[in-house]
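Enquirer: Okay, here's the structure, questions in a sec.
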Amino acid sequence: MSRIIVITSGKGGVGKTTCTANLGMALAQQGKKVVLIDADFGLRNLDLLLGLENRIVYTAVEVFAGECRLDQALVKDKRQPKLALMPASQSRTKEAVSPKQMRQLILALAKRFDYVLVDCPAGIEMGFRNAIAAAQEAIIVTTPEIAAVRDADRVVGLLEAAGIKKTQLIVNRVRPEMVQSNDMMSVEDVQEILAIPLLGVIPDDERIITSSNRGEPLVLDEKVSIPKMAITNIAQRLEGASIPFLDLTAAHDGLFSRIKRLFRR
């Protein structure tokens, strides 16, 4: 049975689309058929992060209008054949699409894929209502900042009101050195406020920015890295695996110790 998961945040700029792209790729690497739906009509970015922007011919809007078939709008990822993208239109606003249309599109795709991941736009208005129209589960992405956490808390309440009971949390862009110096909220602080199960913690890392700018999800990188491991672990937890959370503080301390040793030489 297909799982329909909306990935949302409330606040923009917390890395939600980056998480969607990498999580979708990680699930496909595990053998799952995955479709990513960009629900941000007018301001799409998921295609850029996947490096698929030059391959878009049709979008969801043309599917709604009957101007193309569902298959024609789907963009297959040549690097990972089990991953596909349903792009949003850049020329239409969120108000041009209805929750009923989105629900029909998502349910049609759910018949073909193991996972349907819906990248929700920022805010809680029409774009949000479209994105959650057929969702069975939700993943809240937030950074450990008070404004982001407050917006995430608001979204948790809206999801519950919409009947979406299974909601999990990804805390993104964690900086262990700032947490240790009490300049950033800890993951435990965020959990205490939002009171939803933790799915994963992703450190703040320039490799994620670089990979996004290149249109190459970090999980495709052959090199082992902590953020890549964190994303892969999140995908495995979605599949039901019991995997301990990475100790980002220990990883940071290990790097800091190596730097200090270099300066002692």
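Chain labels follow the order of the structure tokens: the first chain is A, the next B, and so on; residue numbering restarts at 1 in every chain, and ligands are counted from 1 in their shown order.
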Hey, what's within 8 Å of stretch 153-161 of chain A if we count only C-alpha atoms and toss same-chain stuff fewer than 3 positions away? As a short mmCIF file (atom, residue, chain, number, x, y, z; two decimals) with all heavy atoms, in the first residue's frame, please?

Expert:
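Writing done, so here's around-v1.cif:
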```cif
data_model
loop_
_atom_site.label_atom_id
_atom_site.label_comp_id
_atom_site.auth_asym_id
_atom_site.auth_seq_id
_atom_site.Cartn_x
_atom_site.Cartn_y
_atom_site.Cartn_z
N SER A 9 6.36 22.70 6.96
CA SER A 9 7.16 23.40 7.97
C SER A 9 6.46 24.60 8.59
O SER A 9 6.71 24.95 9.73
CB SER A 9 8.48 23.89 7.34
OG SER A 9 8.21 24.79 6.29
N GLY A 10 5.60 25.24 7.82
CA GLY A 10 5.06 26.52 8.28
C GLY A 10 5.95 27.65 7.80
O GLY A 10 5.63 28.38 6.88
N ILE A 124 0.34 28.80 5.56
CA ILE A 124 -0.76 27.92 5.98
C ILE A 124 -2.05 28.25 5.21
O ILE A 124 -3.14 27.99 5.70
CB ILE A 124 -1.01 28.04 7.51
CG1 ILE A 124 -1.24 29.48 7.93
CG2 ILE A 124 0.17 27.44 8.28
CD1 ILE A 124 -1.67 29.66 9.37
N ALA A 138 2.44 13.11 7.91
CA ALA A 138 3.16 14.37 7.71
C ALA A 138 4.53 14.30 8.36
O ALA A 138 4.72 13.65 9.39
CB ALA A 138 2.36 15.53 8.29
N ILE A 140 7.19 17.12 9.72
CA ILE A 140 7.44 18.53 10.00
C ILE A 140 8.95 18.76 9.99
O ILE A 140 9.69 18.08 10.70
CB ILE A 140 6.89 18.94 11.38
CG1 ILE A 140 5.39 18.69 11.47
CG2 ILE A 140 7.24 20.38 11.70
CD1 ILE A 140 4.53 19.73 10.85
N VAL A 149 10.17 27.08 15.12
CA VAL A 149 9.49 26.11 15.99
C VAL A 149 8.07 26.57 16.29
O VAL A 149 7.13 25.75 16.31
CB VAL A 149 10.30 25.90 17.29
CG1 VAL A 149 9.53 25.00 18.26
CG2 VAL A 149 11.65 25.27 16.99
N ARG A 150 7.89 27.86 16.49
CA ARG A 150 6.53 28.36 16.74
C ARG A 150 5.63 28.12 15.52
O ARG A 150 4.47 27.69 15.67
CB ARG A 150 6.55 29.85 17.08
CG ARG A 150 5.16 30.38 17.43
CD ARG A 150 5.18 31.81 17.93
NE ARG A 150 5.52 32.75 16.87
CZ ARG A 150 5.51 34.08 17.03
NH1 ARG A 150 5.19 34.60 18.21
NH2 ARG A 150 5.82 34.87 16.04
N ILE A 164 -4.95 14.43 10.10
CA ILE A 164 -3.65 13.77 9.88
C ILE A 164 -3.00 13.57 11.24
O ILE A 164 -2.45 14.49 11.83
CB ILE A 164 -2.75 14.62 8.95
CG1 ILE A 164 -3.45 14.84 7.60
CG2 ILE A 164 -1.39 13.94 8.74
CD1 ILE A 164 -2.75 15.83 6.70
N LYS A 165 -3.09 12.36 11.74
CA LYS A 165 -2.67 12.08 13.11
C LYS A 165 -1.20 11.65 13.22
O LYS A 165 -0.56 11.87 14.25
CB LYS A 165 -3.55 10.98 13.71
CG LYS A 165 -5.04 11.30 13.69
CD LYS A 165 -5.37 12.56 14.48
CE LYS A 165 -6.88 12.82 14.50
NZ LYS A 165 -7.20 14.10 15.17
N THR A 167 2.27 12.31 12.62
CA THR A 167 3.17 13.40 12.29
C THR A 167 4.51 13.17 12.97
O THR A 167 4.55 12.86 14.16
CB THR A 167 2.58 14.75 12.75
OG1 THR A 167 1.29 14.92 12.17
CG2 THR A 167 3.47 15.91 12.32
N ILE A 193 8.63 21.16 22.91
CA ILE A 193 7.63 22.14 22.47
C ILE A 193 6.62 21.52 21.51
O ILE A 193 5.41 21.71 21.65
CB ILE A 193 8.32 23.35 21.80
CG1 ILE A 193 9.14 24.12 22.83
CG2 ILE A 193 7.28 24.28 21.16
CD1 ILE A 193 10.06 25.17 22.24
N LEU A 194 7.10 20.75 20.53
CA LEU A 194 6.21 20.23 19.49
C LEU A 194 5.51 18.94 19.89
O LEU A 194 4.43 18.64 19.36
CB LEU A 194 7.01 20.01 18.21
CG LEU A 194 7.63 21.27 17.58
CD1 LEU A 194 8.36 20.94 16.29
CD2 LEU A 194 6.56 22.33 17.32
#
```

Enquirer: Which parts of stretch 57-231 of chain A does DSSP call strand (DSSP E) when run on the backbone here, written out as a VMD selection string?

Expert: chain A and resid 75 to 76 83 to 86 115 to 119 137 to 142 166 to 174 198 to 203

Enquirer: Under the rule that only C-alpha atoms are counted, which of A:Leu43, A:Ile196, A:Ile5, A:Leu238 is the nearest residue to A:Gln30?

Expert: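 Ranking A:Leu43, A:Ile196, A:Ile5, A:Leu238 by distance to A:Gln30, first place goes to A:Leu238.
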
Enquirer: DSSP on the backbone, then: every residue of stretch 58-103 of chain A marked helix (DSSP H, G or I), written as a list in words.

Expert: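 Across stretch 58-103 of chain A, those assigned helix (DSSP H, G or I) are Ala60, Val61, Glu62, Val63, Phe64, Leu70, Asp71, Gln72, Ala73, Lys94, Glu95, Ala96, Pro99, Lys100, Gln101, Met102 and Arg103 of chain A.
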
Enquirer: Restricting the output to C-alpha atoms, write the selected residues as a short mmCIF file (atom, residue, chain, number, x, y, z; two decimals), in the first residue's frame.

Expert:
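Okay, part.cif is ready:
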```cif
data_model
loop_
_atom_site.label_atom_id
_atom_site.label_comp_id
_atom_site.auth_asym_id
_atom_site.auth_seq_id
_atom_site.Cartn_x
_atom_site.Cartn_y
_atom_site.Cartn_z
CA ALA A 60 0.51 19.24 -12.92
CA VAL A 61 -1.54 22.15 -14.32
CA GLU A 62 -1.58 20.59 -17.80
CA VAL A 63 -2.69 17.30 -16.21
CA PHE A 64 -5.57 19.10 -14.45
CA LEU A 70 -0.23 11.81 -16.22
CA ASP A 71 2.76 9.90 -17.60
CA GLN A 72 3.73 12.81 -19.84
CA ALA A 73 4.05 15.21 -16.91
CA LYS A 94 -1.48 28.42 -5.74
CA GLU A 95 -5.03 29.80 -6.00
CA ALA A 96 -5.33 28.38 -9.53
CA PRO A 99 -7.58 20.78 -3.01
CA LYS A 100 -9.96 18.51 -4.95
CA GLN A 101 -7.68 18.56 -8.00
CA MET A 102 -4.61 17.87 -5.87
CA ARG A 103 -6.36 15.01 -4.11
#
```

Enquirer: Which of these, A:Asp40, A:Asp183, A:Glu145, A:Asp119, has the shortest distance to A:Ile7 once you count only C-alpha atoms?

Expert: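 Under the stated criterion, the closest residue is A:Asp119.
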
Enquirer: So how many Å separate atom CA of A:Gly240 and atom CA of A:Leu83, to one decimal?

Expert: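 Atom CA of A:Leu83 lies at a distance of 20.3 Å from atom CA of A:Gly240.
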
Enquirer: Need the shell around A:Thr142: protein/DNA/RNA residues with any atom at most 9 Å away, counting only C-alpha atoms. Skip same-chain ones fewer than 3 positions apart. Format as a ChimeraX atom specification?

Expert: /A:8-11,14-16,145,148-149,151-152,169-173,190

Enquirer: Write out, as an mmCIF file, in the first residue's frame, the residues just selected, with N, CA and C atoms.

Expert:
```cif
data_model
loop_
_atom_site.group_PDB
_atom_site.id
_atom_site.type_symbol
_atom_site.label_atom_id
_atom_site.label_comp_id
_atom_site.auth_asym_id
_atom_site.auth_seq_id
_atom_site.Cartn_x
_atom_site.Cartn_y
_atom_site.Cartn_z
ATOM 1 N N THR A 8 6.206 19.390 5.407
ATOM 2 C CA THR A 8 5.802 20.773 5.619
ATOM 3 C C THR A 8 6.596 21.408 6.755
ATOM 4 N N SER A 9 6.360 22.698 6.964
ATOM 5 C CA SER A 9 7.158 23.400 7.971
ATOM 6 C C SER A 9 6.457 24.599 8.585
ATOM 7 N N GLY A 10 5.599 25.245 7.821
ATOM 8 C CA GLY A 10 5.055 26.524 8.280
ATOM 9 C C GLY A 10 5.950 27.645 7.800
ATOM 10 N N LYS A 11 7.107 27.766 8.408
ATOM 11 C CA LYS A 11 8.059 28.811 8.038
ATOM 12 C C LYS A 11 8.856 28.404 6.803
ATOM 13 N N VAL A 14 13.606 26.680 5.909
ATOM 14 C CA VAL A 14 14.148 25.747 6.915
ATOM 15 C C VAL A 14 14.762 24.497 6.283
ATOM 16 N N GLY A 15 14.751 24.416 4.941
ATOM 17 C CA GLY A 15 15.347 23.261 4.269
ATOM 18 C C GLY A 15 14.373 22.151 3.940
ATOM 19 N N LYS A 16 13.105 22.490 3.894
ATOM 20 C CA LYS A 16 12.066 21.473 3.658
ATOM 21 C C LYS A 16 12.197 20.834 2.269
ATOM 22 N N GLU A 145 15.240 27.166 15.782
ATOM 23 C CA GLU A 145 15.061 28.599 15.999
ATOM 24 C C GLU A 145 13.646 28.828 16.485
ATOM 25 N N ALA A 148 10.892 29.437 13.809
ATOM 26 C CA ALA A 148 10.586 28.234 13.032
ATOM 27 C C ALA A 148 9.804 27.225 13.858
ATOM 28 N N VAL A 149 10.168 27.079 15.118
ATOM 29 C CA VAL A 149 9.493 26.112 15.991
ATOM 30 C C VAL A 149 8.069 26.570 16.287
ATOM 31 N N ASP A 151 6.148 28.371 14.317
ATOM 32 C CA ASP A 151 5.359 28.127 13.112
ATOM 33 C C ASP A 151 5.071 26.637 12.950
ATOM 34 N N ALA A 152 6.072 25.799 13.265
ATOM 35 C CA ALA A 152 5.883 24.351 13.183
ATOM 36 C C ALA A 152 4.792 23.892 14.145
ATOM 37 N N LEU A 169 8.910 14.380 13.163
ATOM 38 C CA LEU A 169 9.724 15.600 13.188
ATOM 39 C C LEU A 169 11.126 15.366 12.650
ATOM 40 N N ILE A 170 11.582 16.291 11.794
ATOM 41 C CA ILE A 170 12.986 16.383 11.409
ATOM 42 C C ILE A 170 13.511 17.732 11.881
ATOM 43 N N VAL A 171 14.557 17.691 12.684
ATOM 44 C CA VAL A 171 15.209 18.933 13.113
ATOM 45 C C VAL A 171 16.423 19.129 12.214
ATOM 46 N N ASN A 172 16.396 20.197 11.445
ATOM 47 C CA ASN A 172 17.403 20.439 10.417
ATOM 48 C C ASN A 172 18.364 21.559 10.838
ATOM 49 N N ARG A 173 19.548 21.526 10.250
ATOM 50 C CA ARG A 173 20.574 22.561 10.438
ATOM 51 C C ARG A 173 20.981 22.741 11.904
ATOM 52 N N VAL A 190 13.267 21.358 21.177
ATOM 53 C CA VAL A 190 12.298 21.382 20.079
ATOM 54 C C VAL A 190 11.254 20.285 20.265
#
```

Enquirer: Mind giving me the straight-line distance from atom CA of A:Val141 to atom CA of A:Thr18 in Å, one decimal?

Expert: 10.3 Å

Enquirer: Mind checking which residues fall within 7 Å of A:Leu117, counting only C-alpha atoms, ignoring those fewer than 4 positions away in the same chain, and posting them as a list in words?

Expert: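 Everything that qualifies: Ile4, Ile5, Val6, Ile7, Val35, Leu36 and Ile37 of chain A.
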
Enquirer: Would you mind listing what lies within 12 Å of stretch 224-233 of chain A as a VMD selection string, with only C-alpha atoms counted and same-chain residues fewer than 4 positions away left out?

Expert: chain A and resid 18 to 30 170 to 175 199 to 209 211 217 to 220 237 to 252 255
